[in-house]
Amino acid sequence: MRFPITFFCALISSFTAVNSASPAEWRSRSIYQVFTDRFALTNGSTDAICPPGYGGFCGGTWQGIINKLDYIQGMGFTAIWISPVVEQVADPSRAYHGYTAQNLYGVNRNFGTEDDLKALAKALHDRGMYLMVDVVANHMGSGDKAEEINYNVINPFNKKDYYHTNPICFINNYNNQTEVEQCWLGNDNYPLPDLNTTQPTVRDMFSTWVKYLVSTYSIDGLRVDTVKHVEKPFWSIFNSASGVFNIGEVADGNVEYLCPYQNYMDGLLGYPSYYQATQFFSNTTATSANFIGEVNYLNNQCKDTTLLGSFSENHDQPRFAWYTSDMVLARNIIIYTMLADGIPIIYQGQEQHFNGASDPYNREALWPSNYNTSSPLYTLVSTLNKVRALAATSSDTYITWHQQIVYSEDHVIAVRKGDESFMTLIVVSNVGEGAGTKSVVMGNVGFPAGLTVVDVLTCKSVVVGSDGSLSVNIEGGAPMVFYPQFLLEKSSVCQ
């Protein structure tokens, strides 16, 4: 369906976000990332063929997600982030992931109808869960070569004048910010037409559209793609117009480069800590200094790390299990991901220990796992979500408390989050499953002297020393998550 922009300008004042979830409301949420085409089929089949690395549609749908919400909620997630929902170019190899939009006011019919998307939002809201939708405002899609694009078929940006075309250039130097913002992603044969978002008309058109999208489909939050490819002031306008929480992808490990974007957008994906955590936890010979330094620097430089997305896998990066098959190391990095500062995000298949390499091999279909709810990482994530939710309800400062590294050595880190009687303490390492028993005495970690705390992963208790110290044995590289025993008594954890 196609409408003139004047129609939407006339109507948009009547649109209000049905679920205008604020950043403060998103802080306590945990997100399960759904790659829509590869999550679940409408008919529930688990034997449909979707070869690794396949560049096309495998059949996942919004109705398929609805049918499997028990699987997601069983891990304790309170929100999902789904692939872009808008109508794509015709070529399946360019369209299955959702980042080559051709009509912003249509939906991707491979995923379902408008009513299916509305039904997904309702099904989530009926469960008290939030819907986050992936959006792109840097570029549109095209099935043509760069110099042969038919702009007339792109809605609403149907004129060449809306794009950076004087001349068309492709990004070669990512250290040149002008080139990053004004040149195109892709190449001449597979171009992504780059919108000139400095134009007031383009900004207004995007504001109109995002208000329409959020209101029409009752969306609670947006994950925003390719943020670093657009000038920063645009994002303040876009974020405000949406009326909901925005979390942006600035795919860069440089803290000084990433953090300033949070002055223009609610939250960001925590790429600097992702890169350092992956390097530390995937390599038993790595030492903790760089990881610790990055965590501390991020806390000092970013506006609010509690609104960053904490992740260790996504659809653009190799799976953690591609770097190492060590299940103990996978447990360690997931614990840090879930209980560090920020909004935790687990990418579909991570809970099943998928091991795909770089895009597109990290976009595996989930259904061959038979949605196993007994897998070790599925049950781990479920426990961690329970503990985080308990901590958030037991202390009104837990979620906004900035993490502190209270103990470290080359291969072991202990991280505190929360007030002394209500805090979590995670002890993680990269020694791996082949390690023996390592005794560690940690000085004052933050708990009150004499408090009984429980490792929620083994349900073993220990009493904090008179000087606030904690003595633990790390067995076979196993991580630990300590929480006050008296708070666990009102939960199902270790009962």
# chains A, B, ... in the order shown; residues from 1 in each chain; ligands from 1
call {"tool": "residues_around", "arguments": {"residues": "Thr46 (chain A)", "least_positions_apart": "5", "cutoff": "10 Å", "atoms": "only C-alpha atoms", "output": "MDAnalysis selection string"}}
result
chainID A and resid 40:41 365:371
call {"tool": "residues_around", "arguments": {"residues": "region 91-106 of chain A", "least_positions_apart": "6", "cutoff": "6 Å", "atoms": "only C-alpha atoms", "output": "ChimeraX atom specification"}}
result
/A:55-57,84,140-141,154-155
call {"tool": "closest_atom_pairs", "arguments": {"of": "region 10-112 of chain A", "to": "region 244-247 of chain A", "cutoff": "7 Å", "atoms": "only C-alpha atoms", "output": "Markdown table"}}
result
| residue | atom | partner | partner_atom | distance |
| --- | --- | --- | --- | --- |
| A:Ser20 | CA | A:Val244 | CA | 4.9 |
| A:Ala21 | CA | A:Val244 | CA | 5.5 |
| A:Ser22 | CA | A:Phe245 | CA | 5.5 |
| A:Pro23 | CA | A:Phe245 | CA | 5.3 |
call {"tool": "write_last_selection", "arguments": {"atoms": "C-alpha atoms", "output": "short mmCIF file (atom, residue, chain, number, x, y, z; two decimals), in the first residue's frame"}}
result
data_model
loop_
_atom_site.label_atom_id
_atom_site.label_comp_id
_atom_site.auth_asym_id
_atom_site.auth_seq_id
_atom_site.Cartn_x
_atom_site.Cartn_y
_atom_site.Cartn_z
CA SER A 20 5.57 4.47 25.01
CA ALA A 21 8.00 2.56 27.22
CA SER A 22 10.63 4.91 28.65
CA PRO A 23 14.36 4.27 29.04
#
call {"tool": "select_by_dssp", "arguments": {"residues": "region 146-351 of chain A", "states": "strand (DSSP E)", "output": "number ranges by chain"}}
result
A: 185-186, 191-192, 221-224, 245-248, 267-268, 309-311, 343-347
call {"tool": "closest_residue", "arguments": {"among": "A:Gln63, A:Asn473, A:Gln199, A:Asn283", "to": "Leu117 (chain A)", "atoms": "only C-alpha atoms"}}
result
A:Gln63
call {"tool": "residues_around", "arguments": {"residues": "Glu256 (chain A)", "least_positions_apart": "5", "cutoff": "10 Å", "atoms": "only C-alpha atoms", "output": "PDB file with N, CA, C and O atoms, in the first residue's frame"}}
result
ATOM      1  N   TYR A 261      27.675   9.234  21.006  1.00  0.00           N
ATOM      2  CA  TYR A 261      26.377   9.001  20.364  1.00  0.00           C
ATOM      3  C   TYR A 261      25.252   8.917  21.389  1.00  0.00           C
ATOM      4  O   TYR A 261      24.089   9.153  21.060  1.00  0.00           O
ATOM      5  N   PRO A 272      32.275  -1.839  22.723  1.00  0.00           N
ATOM      6  CA  PRO A 272      33.622  -1.906  23.303  1.00  0.00           C
ATOM      7  C   PRO A 272      33.778  -3.049  24.302  1.00  0.00           C
ATOM      8  O   PRO A 272      34.767  -3.794  24.254  1.00  0.00           O
ATOM      9  N   TYR A 297      36.755   2.313  31.613  1.00  0.00           N
ATOM     10  CA  TYR A 297      36.762   3.487  30.745  1.00  0.00           C
ATOM     11  C   TYR A 297      35.363   3.753  30.188  1.00  0.00           C
ATOM     12  O   TYR A 297      34.920   4.906  30.097  1.00  0.00           O
ATOM     13  N   LEU A 298      34.644   2.690  29.855  1.00  0.00           N
ATOM     14  CA  LEU A 298      33.274   2.833  29.364  1.00  0.00           C
ATOM     15  C   LEU A 298      32.401   3.486  30.431  1.00  0.00           C
ATOM     16  O   LEU A 298      31.604   4.380  30.141  1.00  0.00           O
ATOM     17  N   GLN A 301      33.219   7.227  30.516  1.00  0.00           N
ATOM     18  CA  GLN A 301      33.019   8.043  29.328  1.00  0.00           C
ATOM     19  C   GLN A 301      31.573   8.100  28.841  1.00  0.00           C
ATOM     20  O   GLN A 301      31.145   9.121  28.294  1.00  0.00           O
ATOM     21  N   CYS A 302      30.827   7.019  28.996  1.00  0.00           N
ATOM     22  CA  CYS A 302      29.458   7.002  28.483  1.00  0.00           C
ATOM     23  C   CYS A 302      28.497   7.692  29.444  1.00  0.00           C
ATOM     24  O   CYS A 302      28.681   7.663  30.662  1.00  0.00           O
TER      25      CYS A 302
END
call {"tool": "closest_atom_pairs", "arguments": {"of": "region 64-133 of chain A", "to": "region 378-400 of chain A", "cutoff": "9 Å", "atoms": "only C-alpha atoms", "output": "CSV"}}
result
residue,atom,partner,partner_atom,distance
A:Gln73,CA,A:Ser382,CA,8.9
A:Gly74,CA,A:Ser382,CA,6.9
A:Met75,CA,A:Ser382,CA,4.0
A:Gly76,CA,A:Asn385,CA,5.3
A:Phe77,CA,A:Asn385,CA,7.0
call {"tool": "write_last_selection", "arguments": {"atoms": "all heavy atoms", "output": "mmCIF file, in the first residue's frame"}}
result
data_model
loop_
_atom_site.group_PDB
_atom_site.id
_atom_site.type_symbol
_atom_site.label_atom_id
_atom_site.label_comp_id
_atom_site.auth_asym_id
_atom_site.auth_seq_id
_atom_site.Cartn_x
_atom_site.Cartn_y
_atom_site.Cartn_z
ATOM 1 N N GLN A 73 9.839 -17.006 27.080
ATOM 2 C CA GLN A 73 9.488 -16.595 28.439
ATOM 3 C C GLN A 73 9.991 -17.606 29.467
ATOM 4 O O GLN A 73 10.254 -17.245 30.623
ATOM 5 C CB GLN A 73 7.978 -16.402 28.563
ATOM 6 C CG GLN A 73 7.582 -15.549 29.761
ATOM 7 C CD GLN A 73 6.119 -15.143 29.726
ATOM 8 O OE1 GLN A 73 5.275 -15.851 29.193
ATOM 9 N NE2 GLN A 73 5.824 -13.981 30.298
ATOM 10 N N GLY A 74 10.168 -18.844 29.054
ATOM 11 C CA GLY A 74 10.708 -19.859 29.951
ATOM 12 C C GLY A 74 12.119 -19.562 30.400
ATOM 13 O O GLY A 74 12.571 -20.047 31.450
ATOM 14 N N MET A 75 12.841 -18.767 29.622
ATOM 15 C CA MET A 75 14.182 -18.320 30.021
ATOM 16 C C MET A 75 14.123 -17.063 30.879
ATOM 17 O O MET A 75 15.165 -16.587 31.342
ATOM 18 C CB MET A 75 15.041 -18.055 28.783
ATOM 19 C CG MET A 75 15.572 -19.295 28.121
ATOM 20 S SD MET A 75 16.606 -18.938 26.666
ATOM 21 C CE MET A 75 15.346 -18.654 25.424
ATOM 22 N N GLY A 76 12.928 -16.503 31.040
ATOM 23 C CA GLY A 76 12.785 -15.319 31.874
ATOM 24 C C GLY A 76 12.886 -14.006 31.150
ATOM 25 O O GLY A 76 12.938 -12.946 31.790
ATOM 26 N N PHE A 77 12.889 -14.033 29.823
ATOM 27 C CA PHE A 77 13.013 -12.778 29.084
ATOM 28 C C PHE A 77 11.719 -11.981 29.158
ATOM 29 O O PHE A 77 10.621 -12.526 29.141
ATOM 30 C CB PHE A 77 13.406 -13.038 27.629
ATOM 31 C CG PHE A 77 14.830 -13.468 27.487
ATOM 32 C CD1 PHE A 77 15.148 -14.786 27.233
ATOM 33 C CD2 PHE A 77 15.855 -12.550 27.648
ATOM 34 C CE1 PHE A 77 16.467 -15.193 27.123
ATOM 35 C CE2 PHE A 77 17.178 -12.946 27.545
ATOM 36 C CZ PHE A 77 17.491 -14.270 27.286
#
call {"tool": "closest_residue", "arguments": {"among": "A:Val295, A:Val85, A:Val133, A:Leu451", "to": "Ile219 (chain A)", "atoms": "only C-alpha atoms"}}
result
A:Val133
call {"tool": "select_by_dssp", "arguments": {"residues": "region 224-470 of chain A", "states": "helix (DSSP H, G or I)", "output": "short mmCIF file (atom, residue, chain, number, x, y, z; two decimals) with N, CA, C and O atoms, in the first residue's frame"}}
result
data_model
loop_
_atom_site.label_atom_id
_atom_site.label_comp_id
_atom_site.auth_asym_id
_atom_site.auth_seq_id
_atom_site.Cartn_x
_atom_site.Cartn_y
_atom_site.Cartn_z
N VAL A 227 23.94 3.31 13.03
CA VAL A 227 23.86 4.66 13.61
C VAL A 227 25.07 5.52 13.25
O VAL A 227 24.93 6.71 12.98
N LYS A 228 26.24 4.93 13.20
CA LYS A 228 27.44 5.74 12.95
C LYS A 228 27.51 6.26 11.52
O LYS A 228 28.35 7.11 11.20
N HIS A 229 26.62 5.78 10.65
CA HIS A 229 26.62 6.20 9.26
C HIS A 229 25.73 7.42 9.01
O HIS A 229 25.56 7.84 7.86
N LYS A 232 25.13 12.81 13.82
CA LYS A 232 24.58 12.66 15.17
C LYS A 232 23.29 13.46 15.41
O LYS A 232 22.35 12.93 16.02
N PRO A 233 23.18 14.73 15.01
CA PRO A 233 21.96 15.49 15.33
C PRO A 233 20.67 14.87 14.81
O PRO A 233 19.60 15.09 15.39
N PHE A 234 20.75 14.10 13.73
CA PHE A 234 19.56 13.43 13.21
C PHE A 234 18.93 12.53 14.26
O PHE A 234 17.70 12.43 14.37
N TRP A 235 19.78 11.86 15.06
CA TRP A 235 19.26 10.85 15.97
C TRP A 235 18.43 11.44 17.10
O TRP A 235 17.50 10.79 17.60
N SER A 236 18.74 12.63 17.52
CA SER A 236 17.90 13.28 18.53
C SER A 236 16.48 13.47 18.01
O SER A 236 15.49 13.27 18.74
N ILE A 237 16.37 13.87 16.75
CA ILE A 237 15.06 14.09 16.12
C ILE A 237 14.31 12.78 15.99
O ILE A 237 13.13 12.67 16.34
N PHE A 238 15.00 11.76 15.49
CA PHE A 238 14.39 10.45 15.26
C PHE A 238 13.96 9.81 16.57
O PHE A 238 12.83 9.32 16.70
N ASN A 239 14.85 9.81 17.56
CA ASN A 239 14.56 9.22 18.87
C ASN A 239 13.34 9.89 19.50
O ASN A 239 12.41 9.23 19.98
N SER A 240 13.32 11.21 19.46
CA SER A 240 12.21 11.96 20.05
C SER A 240 10.90 11.67 19.31
O SER A 240 9.85 11.49 19.93
N ALA A 241 10.96 11.64 17.99
CA ALA A 241 9.76 11.41 17.20
C ALA A 241 9.15 10.03 17.47
O ALA A 241 7.93 9.87 17.46
N SER A 242 9.99 9.05 17.73
CA SER A 242 9.48 7.68 17.94
C SER A 242 8.66 7.57 19.21
O SER A 242 7.74 6.75 19.29
N VAL A 255 35.87 3.37 22.71
CA VAL A 255 35.00 4.02 23.68
C VAL A 255 34.79 5.49 23.35
O VAL A 255 33.68 6.01 23.41
N GLU A 256 35.86 6.18 23.00
CA GLU A 256 35.77 7.61 22.72
C GLU A 256 34.96 7.90 21.47
O GLU A 256 34.38 8.98 21.33
N TYR A 257 34.90 6.95 20.56
CA TYR A 257 34.08 7.11 19.36
C TYR A 257 32.62 6.81 19.67
O TYR A 257 31.70 7.53 19.23
N LEU A 258 32.37 5.75 20.43
CA LEU A 258 31.01 5.29 20.66
C LEU A 258 30.22 6.16 21.63
O LEU A 258 29.07 6.54 21.35
N CYS A 259 30.80 6.48 22.77
CA CYS A 259 30.03 7.11 23.85
C CYS A 259 29.34 8.42 23.47
O CYS A 259 28.21 8.66 23.93
N PRO A 260 29.94 9.30 22.67
CA PRO A 260 29.25 10.56 22.33
C PRO A 260 27.90 10.37 21.66
O PRO A 260 27.04 11.26 21.74
N TYR A 261 27.67 9.23 21.01
CA TYR A 261 26.38 9.00 20.36
C TYR A 261 25.25 8.92 21.39
O TYR A 261 24.09 9.15 21.06
N GLN A 262 25.60 8.60 22.65
CA GLN A 262 24.54 8.51 23.66
C GLN A 262 24.03 9.88 24.07
O GLN A 262 23.01 9.98 24.76
N ASN A 263 24.68 10.94 23.64
CA ASN A 263 24.15 12.29 23.84
C ASN A 263 23.01 12.59 22.88
O ASN A 263 22.33 13.62 23.03
N TYR A 271 29.40 -2.24 22.23
CA TYR A 271 30.43 -2.89 21.42
C TYR A 271 31.82 -2.89 22.05
O TYR A 271 32.54 -3.90 21.94
N PRO A 272 32.27 -1.84 22.72
CA PRO A 272 33.62 -1.91 23.30
C PRO A 272 33.78 -3.05 24.30
O PRO A 272 34.77 -3.79 24.25
N SER A 273 32.82 -3.21 25.20
CA SER A 273 32.93 -4.30 26.17
C SER A 273 32.71 -5.65 25.49
O SER A 273 33.30 -6.66 25.91
N TYR A 274 31.89 -5.69 24.42
CA TYR A 274 31.72 -6.95 23.68
C TYR A 274 33.05 -7.44 23.14
O TYR A 274 33.42 -8.61 23.31
N TYR A 275 33.79 -6.56 22.47
CA TYR A 275 35.05 -6.99 21.86
C TYR A 275 36.05 -7.45 22.92
O TYR A 275 36.71 -8.49 22.76
N GLN A 276 36.18 -6.70 24.01
CA GLN A 276 37.14 -7.06 25.04
C GLN A 276 36.73 -8.32 25.80
O GLN A 276 37.56 -9.17 26.13
N ALA A 277 35.44 -8.46 26.08
CA ALA A 277 34.96 -9.66 26.77
C ALA A 277 35.19 -10.90 25.91
O ALA A 277 35.61 -11.95 26.42
N THR A 278 34.91 -10.78 24.62
CA THR A 278 35.11 -11.92 23.72
C THR A 278 36.57 -12.33 23.68
O THR A 278 36.90 -13.52 23.74
N GLN A 279 37.46 -11.35 23.58
CA GLN A 279 38.89 -11.65 23.54
C GLN A 279 39.35 -12.32 24.83
O GLN A 279 40.17 -13.24 24.81
N PHE A 280 38.83 -11.87 25.98
CA PHE A 280 39.25 -12.42 27.26
C PHE A 280 38.67 -13.81 27.48
O PHE A 280 39.41 -14.77 27.77
N PHE A 281 37.37 -13.96 27.36
CA PHE A 281 36.73 -15.22 27.73
C PHE A 281 36.95 -16.34 26.72
O PHE A 281 36.79 -17.52 27.06
N ALA A 289 43.69 -7.49 31.95
CA ALA A 289 43.97 -6.05 32.04
C ALA A 289 43.19 -5.23 31.01
O ALA A 289 42.59 -4.21 31.35
N ASN A 290 43.20 -5.65 29.74
CA ASN A 290 42.52 -4.88 28.70
C ASN A 290 41.01 -4.86 28.92
O ASN A 290 40.35 -3.83 28.73
N PHE A 291 40.46 -6.00 29.31
CA PHE A 291 39.03 -6.10 29.56
C PHE A 291 38.62 -5.19 30.72
O PHE A 291 37.67 -4.39 30.61
N ILE A 292 39.34 -5.25 31.80
CA ILE A 292 39.04 -4.40 32.96
C ILE A 292 39.18 -2.93 32.61
O ILE A 292 38.33 -2.10 32.96
N GLY A 293 40.24 -2.60 31.90
CA GLY A 293 40.45 -1.21 31.50
C GLY A 293 39.32 -0.68 30.64
O GLY A 293 38.87 0.46 30.81
N GLU A 294 38.82 -1.52 29.73
CA GLU A 294 37.73 -1.10 28.84
C GLU A 294 36.44 -0.90 29.62
O GLU A 294 35.70 0.07 29.38
N VAL A 295 36.15 -1.81 30.55
CA VAL A 295 34.93 -1.69 31.36
C VAL A 295 34.96 -0.40 32.17
O VAL A 295 33.97 0.36 32.21
N ASN A 296 36.07 -0.12 32.81
CA ASN A 296 36.18 1.09 33.63
C ASN A 296 36.11 2.34 32.78
O ASN A 296 35.48 3.35 33.16
N TYR A 297 36.76 2.31 31.61
CA TYR A 297 36.76 3.49 30.75
C TYR A 297 35.36 3.75 30.19
O TYR A 297 34.92 4.91 30.10
N LEU A 298 34.64 2.69 29.85
CA LEU A 298 33.27 2.83 29.36
C LEU A 298 32.40 3.49 30.43
O LEU A 298 31.60 4.38 30.14
N ASN A 299 32.56 3.05 31.67
CA ASN A 299 31.79 3.64 32.78
C ASN A 299 32.09 5.12 32.94
O ASN A 299 31.20 5.91 33.29
N ASN A 300 33.33 5.50 32.70
CA ASN A 300 33.72 6.90 32.87
C ASN A 300 33.30 7.79 31.72
O ASN A 300 33.04 8.98 31.90
N GLN A 301 33.22 7.23 30.52
CA GLN A 301 33.02 8.04 29.33
C GLN A 301 31.57 8.10 28.84
O GLN A 301 31.15 9.12 28.29
N THR A 305 25.82 3.84 31.39
CA THR A 305 26.08 2.46 30.95
C THR A 305 24.93 1.52 31.30
O THR A 305 24.86 0.42 30.76
N THR A 306 24.01 1.95 32.17
CA THR A 306 22.87 1.08 32.48
C THR A 306 21.85 1.05 31.34
O THR A 306 20.91 0.26 31.38
N LEU A 307 22.04 1.91 30.33
CA LEU A 307 21.18 1.89 29.15
C LEU A 307 21.91 1.36 27.92
O LEU A 307 21.40 1.45 26.80
N PHE A 320 30.09 -17.07 19.86
CA PHE A 320 31.17 -17.31 20.82
C PHE A 320 31.72 -18.72 20.67
O PHE A 320 32.93 -18.94 20.77
N ALA A 321 30.84 -19.69 20.43
CA ALA A 321 31.28 -21.08 20.30
C ALA A 321 32.07 -21.33 19.02
O ALA A 321 32.67 -22.40 18.87
N TRP A 322 32.08 -20.35 18.11
CA TRP A 322 32.97 -20.46 16.95
C TRP A 322 34.42 -20.23 17.37
O TRP A 322 35.33 -20.85 16.81
N TYR A 323 34.63 -19.38 18.36
CA TYR A 323 35.98 -19.12 18.86
C TYR A 323 36.48 -20.27 19.72
O TYR A 323 37.66 -20.60 19.69
N MET A 327 32.46 -25.21 26.96
CA MET A 327 31.17 -24.84 27.54
C MET A 327 31.33 -24.01 28.81
O MET A 327 30.51 -23.12 29.09
N VAL A 328 32.38 -24.25 29.56
CA VAL A 328 32.61 -23.47 30.78
C VAL A 328 32.89 -22.02 30.44
O VAL A 328 32.40 -21.10 31.11
N LEU A 329 33.67 -21.77 29.40
CA LEU A 329 33.93 -20.39 28.98
C LEU A 329 32.64 -19.74 28.48
O LEU A 329 32.41 -18.54 28.73
N ALA A 330 31.79 -20.50 27.80
CA ALA A 330 30.50 -19.96 27.35
C ALA A 330 29.66 -19.55 28.55
O ALA A 330 28.99 -18.51 28.53
N ARG A 331 29.67 -20.35 29.61
CA ARG A 331 28.92 -20.00 30.81
C ARG A 331 29.46 -18.72 31.44
O ARG A 331 28.70 -17.86 31.90
N ASN A 332 30.77 -18.59 31.46
CA ASN A 332 31.37 -17.40 32.06
C ASN A 332 30.98 -16.12 31.33
O ASN A 332 30.60 -15.13 31.95
N ILE A 333 31.05 -16.13 30.01
CA ILE A 333 30.74 -14.89 29.28
C ILE A 333 29.25 -14.59 29.33
O ILE A 333 28.86 -13.40 29.40
N ILE A 334 28.40 -15.61 29.37
CA ILE A 334 26.96 -15.35 29.48
C ILE A 334 26.63 -14.74 30.84
O ILE A 334 25.81 -13.82 30.94
N ILE A 335 27.29 -15.19 31.89
CA ILE A 335 27.05 -14.61 33.22
C ILE A 335 27.46 -13.16 33.24
O ILE A 335 26.72 -12.30 33.78
N TYR A 336 28.59 -12.83 32.65
CA TYR A 336 28.97 -11.41 32.59
C TYR A 336 27.96 -10.63 31.76
O TYR A 336 27.53 -9.54 32.15
N THR A 337 27.56 -11.17 30.63
CA THR A 337 26.58 -10.50 29.77
C THR A 337 25.28 -10.19 30.51
O THR A 337 24.72 -9.10 30.38
N MET A 338 24.81 -11.14 31.29
CA MET A 338 23.51 -11.02 31.92
C MET A 338 23.51 -10.15 33.17
O MET A 338 22.49 -9.54 33.50
N LEU A 339 24.63 -10.09 33.88
CA LEU A 339 24.63 -9.43 35.19
C LEU A 339 25.56 -8.23 35.27
O LEU A 339 25.74 -7.65 36.35
N GLN A 350 22.09 -18.83 21.01
CA GLN A 350 23.18 -18.76 21.98
C GLN A 350 22.90 -19.72 23.14
O GLN A 350 23.81 -20.37 23.66
N GLU A 351 21.62 -19.81 23.51
CA GLU A 351 21.23 -20.69 24.61
C GLU A 351 21.34 -22.17 24.23
O GLU A 351 21.28 -23.05 25.10
N GLN A 352 21.52 -22.45 22.93
CA GLN A 352 21.72 -23.81 22.46
C GLN A 352 23.18 -24.05 22.05
O GLN A 352 23.50 -25.08 21.45
N TRP A 367 15.05 -24.09 14.74
CA TRP A 367 14.18 -25.25 14.92
C TRP A 367 14.89 -26.59 14.95
O TRP A 367 14.39 -27.51 15.61
N PRO A 368 16.08 -26.79 14.34
CA PRO A 368 16.73 -28.10 14.50
C PRO A 368 17.10 -28.42 15.96
O PRO A 368 17.34 -29.60 16.28
N SER A 369 17.13 -27.41 16.82
CA SER A 369 17.42 -27.66 18.24
C SER A 369 16.22 -28.27 18.96
O SER A 369 16.34 -28.67 20.14
N PRO A 376 22.08 -26.91 28.77
CA PRO A 376 22.77 -26.25 29.88
C PRO A 376 22.70 -24.73 29.86
O PRO A 376 22.53 -24.10 30.91
N LEU A 377 22.82 -24.14 28.69
CA LEU A 377 22.82 -22.67 28.63
C LEU A 377 21.41 -22.11 28.73
O LEU A 377 21.22 -20.99 29.21
N TYR A 378 20.42 -22.85 28.26
CA TYR A 378 19.02 -22.41 28.43
C TYR A 378 18.70 -22.31 29.92
O TYR A 378 18.15 -21.31 30.39
N THR A 379 19.03 -23.35 30.68
CA THR A 379 18.73 -23.34 32.11
C THR A 379 19.57 -22.31 32.84
O THR A 379 19.10 -21.70 33.82
N LEU A 380 20.80 -22.08 32.39
CA LEU A 380 21.64 -21.04 33.00
C LEU A 380 21.01 -19.67 32.82
O LEU A 380 20.88 -18.89 33.77
N VAL A 381 20.60 -19.35 31.59
CA VAL A 381 19.99 -18.05 31.32
C VAL A 381 18.72 -17.86 32.14
O VAL A 381 18.46 -16.78 32.68
N SER A 382 17.94 -18.92 32.27
CA SER A 382 16.73 -18.85 33.08
C SER A 382 17.05 -18.48 34.53
O SER A 382 16.40 -17.60 35.13
N THR A 383 18.06 -19.10 35.10
CA THR A 383 18.46 -18.79 36.47
C THR A 383 18.95 -17.36 36.60
O THR A 383 18.59 -16.64 37.54
N LEU A 384 19.75 -16.92 35.65
CA LEU A 384 20.30 -15.56 35.71
C LEU A 384 19.20 -14.51 35.59
O LEU A 384 19.24 -13.48 36.28
N ASN A 385 18.22 -14.75 34.73
CA ASN A 385 17.10 -13.81 34.62
C ASN A 385 16.30 -13.75 35.92
O ASN A 385 15.85 -12.68 36.32
N LYS A 386 16.14 -14.88 36.58
CA LYS A 386 15.43 -14.90 37.86
C LYS A 386 16.18 -14.08 38.91
O LYS A 386 15.58 -13.30 39.66
N VAL A 387 17.48 -14.27 38.97
CA VAL A 387 18.29 -13.55 39.96
C VAL A 387 18.29 -12.05 39.67
O VAL A 387 18.13 -11.23 40.59
N ARG A 388 18.44 -11.68 38.41
CA ARG A 388 18.45 -10.25 38.06
C ARG A 388 17.11 -9.61 38.39
O ARG A 388 17.04 -8.49 38.91
N ALA A 389 16.01 -10.32 38.07
CA ALA A 389 14.68 -9.78 38.37
C ALA A 389 14.47 -9.65 39.88
O ALA A 389 13.90 -8.66 40.36
N LEU A 390 14.95 -10.63 40.63
CA LEU A 390 14.83 -10.57 42.09
C LEU A 390 15.63 -9.40 42.64
O LEU A 390 15.16 -8.66 43.52
N ALA A 391 16.85 -9.23 42.14
CA ALA A 391 17.69 -8.11 42.60
C ALA A 391 17.04 -6.77 42.31
O ALA A 391 17.09 -5.84 43.12
N ALA A 392 16.40 -6.66 41.13
CA ALA A 392 15.77 -5.40 40.73
C ALA A 392 14.56 -5.08 41.58
O ALA A 392 14.29 -3.91 41.88
N THR A 393 13.81 -6.11 42.00
CA THR A 393 12.62 -5.86 42.82
C THR A 393 12.97 -5.73 44.30
O THR A 393 12.20 -5.13 45.06
N SER A 394 14.10 -6.27 44.72
CA SER A 394 14.50 -6.20 46.13
C SER A 394 15.16 -4.88 46.48
O SER A 394 15.20 -4.49 47.65
#
call {"tool": "atom_distance", "arguments": {"atom1": "CA of Gly446 (chain A)", "atom2": "CA of Asp341 (chain A)"}}
result
16.8 Å
call {"tool": "closest_residue", "arguments": {"among": "A:Gly64, A:Leu185, A:Gly143, A:Val136", "to": "Ala90 (chain A)", "atoms": "only C-alpha atoms"}}
result
A:Gly143
call {"tool": "residues_around", "arguments": {"residues": "region 414-429 of chain A", "least_positions_apart": "3", "cutoff": "7 Å", "atoms": "only C-alpha atoms", "output": "PyMOL selection string"}}
result
chain A and resi 332+391+395+397-398+401-408+411+446-448+477+479-484
call {"tool": "closest_residue", "arguments": {"among": "A:Phe157, A:Tyr174, A:Tyr151, A:Trp184", "to": "Thr201 (chain A)", "atoms": "only C-alpha atoms"}}
result
A:Phe157
call {"tool": "residues_around", "arguments": {"residues": "Cys459 (chain A)", "least_positions_apart": "4", "cutoff": "6 Å", "atoms": "only C-alpha atoms", "output": "MDAnalysis selection string"}}
result
chainID A and resid 454:455 494
call {"tool": "write_last_selection", "arguments": {"atoms": "N, CA and C atoms", "output": "JSON list (two decimals), in the first residue's frame"}}
result
[["chain", "number", "residue", "atom", "x", "y", "z"],
["A", 454, "VAL", "N", 24.85, -17.02, 48.86],
["A", 454, "VAL", "CA", 24.68, -18.30, 48.16],
["A", 454, "VAL", "C", 25.14, -18.16, 46.72],
["A", 455, "ASP", "N", 25.91, -19.13, 46.26],
["A", 455, "ASP", "CA", 26.20, -19.23, 44.82],
["A", 455, "ASP", "C", 24.98, -19.85, 44.16],
["A", 494, "CYS", "N", 17.26, -21.78, 44.30],
["A", 494, "CYS", "CA", 17.92, -22.53, 45.39],
["A", 494, "CYS", "C", 16.98, -22.81, 46.56]]
call {"tool": "residues_around", "arguments": {"residues": "region 441-444 of chain A", "least_positions_apart": "2", "cutoff": "6 Å", "atoms": "only C-alpha atoms", "output": "PyMOL selection string"}}
result
chain A and resi 446+468-471
call {"tool": "write_last_selection", "arguments": {"atoms": "N, CA and C atoms", "output": "short mmCIF file (atom, residue, chain, number, x, y, z; two decimals), in the first residue's frame"}}
result
data_model
loop_
_atom_site.label_atom_id
_atom_site.label_comp_id
_atom_site.auth_asym_id
_atom_site.auth_seq_id
_atom_site.Cartn_x
_atom_site.Cartn_y
_atom_site.Cartn_z
N GLY A 446 32.28 -6.04 49.30
CA GLY A 446 31.10 -5.19 49.37
C GLY A 446 29.99 -5.71 50.26
N GLY A 468 34.93 -8.40 55.52
CA GLY A 468 34.23 -8.25 54.24
C GLY A 468 34.80 -9.10 53.12
N SER A 469 35.75 -9.97 53.48
CA SER A 469 36.38 -10.79 52.45
C SER A 469 35.56 -12.03 52.14
N LEU A 470 35.87 -12.66 51.02
CA LEU A 470 35.18 -13.87 50.60
C LEU A 470 36.22 -14.84 50.04
N SER A 471 36.20 -16.07 50.56
CA SER A 471 37.12 -17.10 50.10
C SER A 471 36.34 -18.13 49.29
#
